[in-house]
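First comes the structure, then the notes that go with it.
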Amino acid sequence: MRQEARLTEARRAAGQPQPRATTPQARPKRPRDPEAERARLAEQGAKLLKRQEAERAKEAARIEAELAKRQEQRRRDAERRERDRVRTRKEQEKAERQARLAALKLRAEDRTADTARRLAELHDVLRLRPQGLESWHPVVERALAGRGPQGLAAEVEDLQRRSPVPQGCRGSVEAGYAPEARQVALNLDLPALQVVPAVAGYRFVAARAEVVPQPRKQAELHDLYRTLVARLALRALDEVFAATPAALVDSIALNAFVPAVDPSTGRAVRPCVVSVVASRAEMEALVLDEPALDAQRCLKAIGAVVSDHPHDLEAVAPVVEVDLSRYRITADAAAVTGLDSRPDLLQMDPFAFERLVRQLFEAMGYETWRTQGSRDDGIDAVAVKSDSLVATVFAIQAKRTKNIVEVEKVRALAGTMHDVNASHGVLVTTSWYGKASREFAHRNGRIHLIEGRELKALLQQHLGIDALIGLPKVPPGWIPGDLT
């Protein structure tokens, strides 16, 4: 067709006549076979239908693939979001756990530091005493002039209540004043064992995510408490001496108690754990700020009786019994020196009498210490007399009685001397011995007997104590002056 068009265009350009179009004669139409036509149309319809079905299937497959692709994308997006959420949650949980562990660790450190600070406060209770207490002197003098002995005692009580001590160490206090003896009597309540931290520190256990307390060893806890009791007693003595003029107060009779509940009975108890009569000169000779100072030994060095087991509420017999309701002091011989009324050896507490005998032997040049025996016929004290070559050990037993000492008591002393490896025994009494006792001691050769009138003379000679012996009758061979 394109070639014929080009030829026609060329003839027209050359001026040649165009050939006439010839009309082909129409061929006669053949008659169509209806059946064939129907078959042809049916085949065409089937092909069309098949083609349409194929197209629909293709489209359906395309849509299904698209949906699957979208679903797969949504699934992957959901999985990614879930992974992100899980990772974020884990990171958050990890951060929270680390923060919680850090908080627990910090809590353990803080609680350990608090315990250490508390222990340091108790340790420094004696060293960090209030200073400048001399400013109380005019106040004390005015109180005595205006209100008498009760006024001075009230100022001493006020001083003790104001004294800054660690939390839990403040107890009740009662005071009395005997102007004739220039002596303050002080009853002081000390804290119980619970004031000392029973936990040494706190440990952080990461594996269990908890703070675990580390209990303090019982031996250490008890030693800390014994030391605290002694330091508080020394502090009270030092404060009262510092706040009172020397012209008014020359000595302090201190009894320190521990109000508590006896776990064995459930009853309230108030055992005396420290008792001492301390002079101003004795306290001024002490260096209480010395770090190496042993408070318990320091108390004993000034003649105090101190409980070895205050944590068990073990009481000691007071050196001096204080009747504050009447401001009257009934003391043992060492405590009442200088009072108008002389001490009666028979009215003394048995423990105070034993202590007086030990003081007598110390004044006579012996080194003494108290034994722990509790039997009636046991050894009360041991005394050692040393010379350049040997040391002689004496077992001492003190009998405060108004009756004759039976010979069995003398024989019992001879039998118990070996308990303390003593080569000699001394039996001291407020009464007298019979003939059998003297003969036994003479035959034994190692038993020495000191009866009441001899004891009275020794107290006067070595301690300057003019004592009484309130026996109901004059013993055989004695005279009334031996009792008075």
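Naming works like this for the structure tokens: A, B, ... for the chains as they're shown, residue 1 at the start of each chain, ligands 1 onward in shown order.
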Using DSSP on the backbone, list every residue of stretch 222-375 of chain A that comes out as helix (DSSP H, G or I), and give them as a PDB file with N, CA and C atoms, in the first residue's frame.
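Okay, result_13.pdb is ready:
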ATOM      1  N   HIS A 222      29.384  -6.902 124.225  1.00  0.00           N
ATOM      2  CA  HIS A 222      29.452  -6.799 125.685  1.00  0.00           C
ATOM      3  C   HIS A 222      30.623  -5.913 126.119  1.00  0.00           C
ATOM      4  N   ASP A 223      31.752  -6.025 125.439  1.00  0.00           N
ATOM      5  CA  ASP A 223      32.908  -5.208 125.797  1.00  0.00           C
ATOM      6  C   ASP A 223      32.629  -3.729 125.517  1.00  0.00           C
ATOM      7  N   LEU A 224      31.982  -3.435 124.401  1.00  0.00           N
ATOM      8  CA  LEU A 224      31.624  -2.050 124.092  1.00  0.00           C
ATOM      9  C   LEU A 224      30.692  -1.478 125.151  1.00  0.00           C
ATOM     10  N   TYR A 225      29.747  -2.303 125.602  1.00  0.00           N
ATOM     11  CA  TYR A 225      28.797  -1.821 126.603  1.00  0.00           C
ATOM     12  C   TYR A 225      29.473  -1.602 127.952  1.00  0.00           C
ATOM     13  N   ARG A 226      30.337  -2.528 128.363  1.00  0.00           N
ATOM     14  CA  ARG A 226      31.061  -2.343 129.622  1.00  0.00           C
ATOM     15  C   ARG A 226      31.881  -1.051 129.585  1.00  0.00           C
ATOM     16  N   THR A 227      32.524  -0.808 128.467  1.00  0.00           N
ATOM     17  CA  THR A 227      33.332   0.400 128.333  1.00  0.00           C
ATOM     18  C   THR A 227      32.461   1.646 128.378  1.00  0.00           C
ATOM     19  N   LEU A 228      31.295   1.604 127.696  1.00  0.00           N
ATOM     20  CA  LEU A 228      30.391   2.761 127.704  1.00  0.00           C
ATOM     21  C   LEU A 228      29.915   3.062 129.121  1.00  0.00           C
ATOM     22  N   VAL A 229      29.533   2.034 129.879  1.00  0.00           N
ATOM     23  CA  VAL A 229      29.080   2.228 131.256  1.00  0.00           C
ATOM     24  C   VAL A 229      30.160   2.935 132.071  1.00  0.00           C
ATOM     25  N   ALA A 230      31.397   2.475 131.944  1.00  0.00           N
ATOM     26  CA  ALA A 230      32.492   3.080 132.697  1.00  0.00           C
ATOM     27  C   ALA A 230      32.744   4.519 132.253  1.00  0.00           C
ATOM     28  N   ARG A 231      32.674   4.783 130.948  1.00  0.00           N
ATOM     29  CA  ARG A 231      32.922   6.139 130.457  1.00  0.00           C
ATOM     30  C   ARG A 231      31.841   7.110 130.931  1.00  0.00           C
ATOM     31  N   LEU A 232      30.586   6.673 130.916  1.00  0.00           N
ATOM     32  CA  LEU A 232      29.514   7.544 131.375  1.00  0.00           C
ATOM     33  C   LEU A 232      29.659   7.856 132.862  1.00  0.00           C
ATOM     34  N   ALA A 233      30.086   6.874 133.648  1.00  0.00           N
ATOM     35  CA  ALA A 233      30.285   7.111 135.075  1.00  0.00           C
ATOM     36  C   ALA A 233      31.418   8.105 135.305  1.00  0.00           C
ATOM     37  N   LEU A 234      32.535   7.935 134.602  1.00  0.00           N
ATOM     38  CA  LEU A 234      33.651   8.868 134.740  1.00  0.00           C
ATOM     39  C   LEU A 234      33.260  10.268 134.276  1.00  0.00           C
ATOM     40  N   ARG A 235      32.485  10.335 133.216  1.00  0.00           N
ATOM     41  CA  ARG A 235      32.056  11.643 132.707  1.00  0.00           C
ATOM     42  C   ARG A 235      31.200  12.357 133.740  1.00  0.00           C
ATOM     43  N   ALA A 236      30.269  11.646 134.367  1.00  0.00           N
ATOM     44  CA  ALA A 236      29.414  12.270 135.376  1.00  0.00           C
ATOM     45  C   ALA A 236      30.247  12.805 136.535  1.00  0.00           C
ATOM     46  N   LEU A 237      31.223  12.018 136.990  1.00  0.00           N
ATOM     47  CA  LEU A 237      32.087  12.472 138.079  1.00  0.00           C
ATOM     48  C   LEU A 237      32.847  13.734 137.684  1.00  0.00           C
ATOM     49  N   ASP A 238      33.422  13.724 136.500  1.00  0.00           N
ATOM     50  CA  ASP A 238      34.218  14.862 136.043  1.00  0.00           C
ATOM     51  C   ASP A 238      33.360  16.110 135.906  1.00  0.00           C
ATOM     52  N   GLU A 239      32.146  15.980 135.381  1.00  0.00           N
ATOM     53  CA  GLU A 239      31.275  17.139 135.190  1.00  0.00           C
ATOM     54  C   GLU A 239      30.873  17.764 136.525  1.00  0.00           C
ATOM     55  N   VAL A 240      30.501  16.929 137.489  1.00  0.00           N
ATOM     56  CA  VAL A 240      30.073  17.466 138.782  1.00  0.00           C
ATOM     57  C   VAL A 240      31.233  18.165 139.483  1.00  0.00           C
ATOM     58  N   PHE A 241      32.418  17.570 139.443  1.00  0.00           N
ATOM     59  CA  PHE A 241      33.577  18.226 140.059  1.00  0.00           C
ATOM     60  C   PHE A 241      33.885  19.547 139.351  1.00  0.00           C
ATOM     61  N   ALA A 242      33.780  19.552 138.014  1.00  0.00           N
ATOM     62  CA  ALA A 242      34.102  20.767 137.263  1.00  0.00           C
ATOM     63  C   ALA A 242      33.096  21.879 137.536  1.00  0.00           C
ATOM     64  N   ALA A 243      31.834  21.540 137.771  1.00  0.00           N
ATOM     65  CA  ALA A 243      30.781  22.542 137.932  1.00  0.00           C
ATOM     66  C   ALA A 243      30.603  23.006 139.367  1.00  0.00           C
ATOM     67  N   ARG A 280      38.053  14.626 144.807  1.00  0.00           N
ATOM     68  CA  ARG A 280      38.452  15.577 143.775  1.00  0.00           C
ATOM     69  C   ARG A 280      39.911  15.365 143.369  1.00  0.00           C
ATOM     70  N   ALA A 281      40.764  15.097 144.365  1.00  0.00           N
ATOM     71  CA  ALA A 281      42.178  14.893 144.068  1.00  0.00           C
ATOM     72  C   ALA A 281      42.384  13.676 143.176  1.00  0.00           C
ATOM     73  N   GLU A 282      41.624  12.601 143.439  1.00  0.00           N
ATOM     74  CA  GLU A 282      41.748  11.395 142.612  1.00  0.00           C
ATOM     75  C   GLU A 282      41.351  11.680 141.170  1.00  0.00           C
ATOM     76  N   MET A 283      40.256  12.416 140.981  1.00  0.00           N
ATOM     77  CA  MET A 283      39.791  12.696 139.622  1.00  0.00           C
ATOM     78  C   MET A 283      40.723  13.657 138.900  1.00  0.00           C
ATOM     79  N   GLU A 284      41.269  14.628 139.609  1.00  0.00           N
ATOM     80  CA  GLU A 284      42.177  15.578 138.966  1.00  0.00           C
ATOM     81  C   GLU A 284      43.476  14.912 138.539  1.00  0.00           C
ATOM     82  N   ALA A 295      38.699   2.872 130.621  1.00  0.00           N
ATOM     83  CA  ALA A 295      37.737   3.453 131.565  1.00  0.00           C
ATOM     84  C   ALA A 295      37.420   2.511 132.719  1.00  0.00           C
ATOM     85  N   GLN A 296      37.314   1.213 132.441  1.00  0.00           N
ATOM     86  CA  GLN A 296      36.986   0.266 133.513  1.00  0.00           C
ATOM     87  C   GLN A 296      38.129   0.174 134.528  1.00  0.00           C
ATOM     88  N   ARG A 297      39.335   0.060 134.039  1.00  0.00           N
ATOM     89  CA  ARG A 297      40.485   0.001 134.944  1.00  0.00           C
ATOM     90  C   ARG A 297      40.661   1.313 135.682  1.00  0.00           C
ATOM     91  N   CYS A 298      40.340   2.414 135.013  1.00  0.00           N
ATOM     92  CA  CYS A 298      40.445   3.723 135.641  1.00  0.00           C
ATOM     93  C   CYS A 298      39.496   3.816 136.833  1.00  0.00           C
ATOM     94  N   LEU A 299      38.257   3.353 136.667  1.00  0.00           N
ATOM     95  CA  LEU A 299      37.299   3.370 137.771  1.00  0.00           C
ATOM     96  C   LEU A 299      37.796   2.523 138.939  1.00  0.00           C
ATOM     97  N   LYS A 300      38.283   1.339 138.621  1.00  0.00           N
ATOM     98  CA  LYS A 300      38.754   0.461 139.689  1.00  0.00           C
ATOM     99  C   LYS A 300      39.969   1.052 140.388  1.00  0.00           C
ATOM    100  N   ALA A 301      40.758   1.831 139.667  1.00  0.00           N
ATOM    101  CA  ALA A 301      41.945   2.430 140.266  1.00  0.00           C
ATOM    102  C   ALA A 301      41.583   3.464 141.319  1.00  0.00           C
ATOM    103  N   PRO A 310      27.637  -6.131 133.168  1.00  0.00           N
ATOM    104  CA  PRO A 310      26.438  -5.282 133.222  1.00  0.00           C
ATOM    105  C   PRO A 310      25.411  -5.660 132.168  1.00  0.00           C
ATOM    106  N   HIS A 311      25.866  -6.252 131.053  1.00  0.00           N
ATOM    107  CA  HIS A 311      24.937  -6.683 130.009  1.00  0.00           C
ATOM    108  C   HIS A 311      24.010  -7.780 130.499  1.00  0.00           C
ATOM    109  N   ASP A 312      24.441  -8.544 131.497  1.00  0.00           N
ATOM    110  CA  ASP A 312      23.598  -9.577 132.098  1.00  0.00           C
ATOM    111  C   ASP A 312      22.881  -9.066 133.335  1.00  0.00           C
ATOM    112  N   LEU A 345      30.667  -0.896 161.969  1.00  0.00           N
ATOM    113  CA  LEU A 345      31.070  -2.005 161.099  1.00  0.00           C
ATOM    114  C   LEU A 345      29.971  -3.048 160.958  1.00  0.00           C
ATOM    115  N   LEU A 346      29.174  -3.234 161.988  1.00  0.00           N
ATOM    116  CA  LEU A 346      28.109  -4.241 161.923  1.00  0.00           C
ATOM    117  C   LEU A 346      26.947  -3.799 161.025  1.00  0.00           C
ATOM    118  N   GLN A 347      26.814  -2.488 160.786  1.00  0.00           N
ATOM    119  CA  GLN A 347      25.714  -1.996 159.955  1.00  0.00           C
ATOM    120  C   GLN A 347      26.091  -1.929 158.475  1.00  0.00           C
ATOM    121  N   PRO A 350      27.645  -6.500 153.685  1.00  0.00           N
ATOM    122  CA  PRO A 350      28.732  -7.496 153.668  1.00  0.00           C
ATOM    123  C   PRO A 350      29.760  -7.241 152.583  1.00  0.00           C
ATOM    124  N   PHE A 351      29.281  -6.840 151.405  1.00  0.00           N
ATOM    125  CA  PHE A 351      30.219  -6.588 150.309  1.00  0.00           C
ATOM    126  C   PHE A 351      31.093  -5.377 150.633  1.00  0.00           C
ATOM    127  N   ALA A 352      30.458  -4.316 151.202  1.00  0.00           N
ATOM    128  CA  ALA A 352      31.229  -3.135 151.573  1.00  0.00           C
ATOM    129  C   ALA A 352      32.245  -3.460 152.658  1.00  0.00           C
ATOM    130  N   PHE A 353      31.874  -4.372 153.572  1.00  0.00           N
ATOM    131  CA  PHE A 353      32.810  -4.765 154.619  1.00  0.00           C
ATOM    132  C   PHE A 353      34.011  -5.496 154.023  1.00  0.00           C
ATOM    133  N   GLU A 354      33.767  -6.382 153.058  1.00  0.00           N
ATOM    134  CA  GLU A 354      34.873  -7.070 152.388  1.00  0.00           C
ATOM    135  C   GLU A 354      35.786  -6.057 151.696  1.00  0.00           C
ATOM    136  N   ARG A 355      35.174  -5.058 151.070  1.00  0.00           N
ATOM    137  CA  ARG A 355      35.989  -4.055 150.389  1.00  0.00           C
ATOM    138  C   ARG A 355      36.826  -3.258 151.387  1.00  0.00           C
ATOM    139  N   LEU A 356      36.237  -2.945 152.542  1.00  0.00           N
ATOM    140  CA  LEU A 356      36.978  -2.219 153.568  1.00  0.00           C
ATOM    141  C   LEU A 356      38.196  -3.018 154.028  1.00  0.00           C
ATOM    142  N   VAL A 357      38.026  -4.328 154.189  1.00  0.00           N
ATOM    143  CA  VAL A 357      39.145  -5.171 154.607  1.00  0.00           C
ATOM    144  C   VAL A 357      40.233  -5.160 153.542  1.00  0.00           C
ATOM    145  N   ARG A 358      39.852  -5.201 152.258  1.00  0.00           N
ATOM    146  CA  ARG A 358      40.850  -5.143 151.199  1.00  0.00           C
ATOM    147  C   ARG A 358      41.592  -3.814 151.232  1.00  0.00           C
ATOM    148  N   GLN A 359      40.851  -2.730 151.466  1.00  0.00           N
ATOM    149  CA  GLN A 359      41.501  -1.414 151.550  1.00  0.00           C
ATOM    150  C   GLN A 359      42.491  -1.368 152.720  1.00  0.00           C
ATOM    151  N   LEU A 360      42.132  -2.008 153.802  1.00  0.00           N
ATOM    152  CA  LEU A 360      43.030  -2.032 154.955  1.00  0.00           C
ATOM    153  C   LEU A 360      44.337  -2.740 154.601  1.00  0.00           C
ATOM    154  N   PHE A 361      44.237  -3.893 153.958  1.00  0.00           N
ATOM    155  CA  PHE A 361      45.442  -4.637 153.595  1.00  0.00           C
ATOM    156  C   PHE A 361      46.270  -3.865 152.566  1.00  0.00           C
ATOM    157  N   GLU A 362      45.602  -3.145 151.663  1.00  0.00           N
ATOM    158  CA  GLU A 362      46.352  -2.328 150.706  1.00  0.00           C
ATOM    159  C   GLU A 362      47.112  -1.221 151.435  1.00  0.00           C
ATOM    160  N   ALA A 363      46.455  -0.617 152.454  1.00  0.00           N
ATOM    161  CA  ALA A 363      47.131   0.431 153.225  1.00  0.00           C
ATOM    162  C   ALA A 363      48.303  -0.126 154.025  1.00  0.00           C
TER     163      ALA A 363
END
Which residues are near stretch 453-455 of chain A? Cut-off 10 Å, only C-alpha atoms, ignore same chain within fewer than 4 positions. Put them as a PDB file with C-alpha atoms, in the first residue's frame.
ATOM      1  CA  LEU A 345      31.070  -2.005 161.099  1.00  0.00           C
ATOM      2  CA  VAL A 357      39.145  -5.171 154.607  1.00  0.00           C
ATOM      3  CA  LEU A 360      43.030  -2.032 154.955  1.00  0.00           C
ATOM      4  CA  VAL A 428      38.947 -11.071 159.865  1.00  0.00           C
ATOM      5  CA  THR A 429      35.799 -10.567 161.911  1.00  0.00           C
ATOM      6  CA  THR A 430      33.862  -7.882 163.744  1.00  0.00           C
ATOM      7  CA  SER A 431      33.348 -10.241 166.723  1.00  0.00           C
ATOM      8  CA  TRP A 432      35.730 -12.592 168.564  1.00  0.00           C
ATOM      9  CA  LEU A 449      43.044 -14.405 163.288  1.00  0.00           C
ATOM     10  CA  LEU A 459      41.546   0.862 160.719  1.00  0.00           C
ATOM     11  CA  GLN A 460      42.459   3.770 162.934  1.00  0.00           C
ATOM     12  CA  GLN A 461      46.187   3.230 162.450  1.00  0.00           C
ATOM     13  CA  ALA A 467      34.916   2.962 163.552  1.00  0.00           C
ATOM     14  CA  LEU A 468      32.272   1.588 165.903  1.00  0.00           C
ATOM     15  CA  ILE A 469      31.405  -2.066 166.526  1.00  0.00           C
ATOM     16  CA  PRO A 475      32.851 -10.005 174.352  1.00  0.00           C
ATOM     17  CA  TRP A 478      37.121  -6.951 175.987  1.00  0.00           C
ATOM     18  CA  ILE A 479      36.318  -3.614 177.590  1.00  0.00           C
ATOM     19  CA  GLY A 481      36.107   1.076 174.930  1.00  0.00           C
ATOM     20  CA  ASP A 482      36.978  -1.669 172.465  1.00  0.00           C
ATOM     21  CA  LEU A 483      33.522  -1.248 170.910  1.00  0.00           C
ATOM     22  CA  THR A 484      33.402   2.534 170.811  1.00  0.00           C
TER      23      THR A 484
END
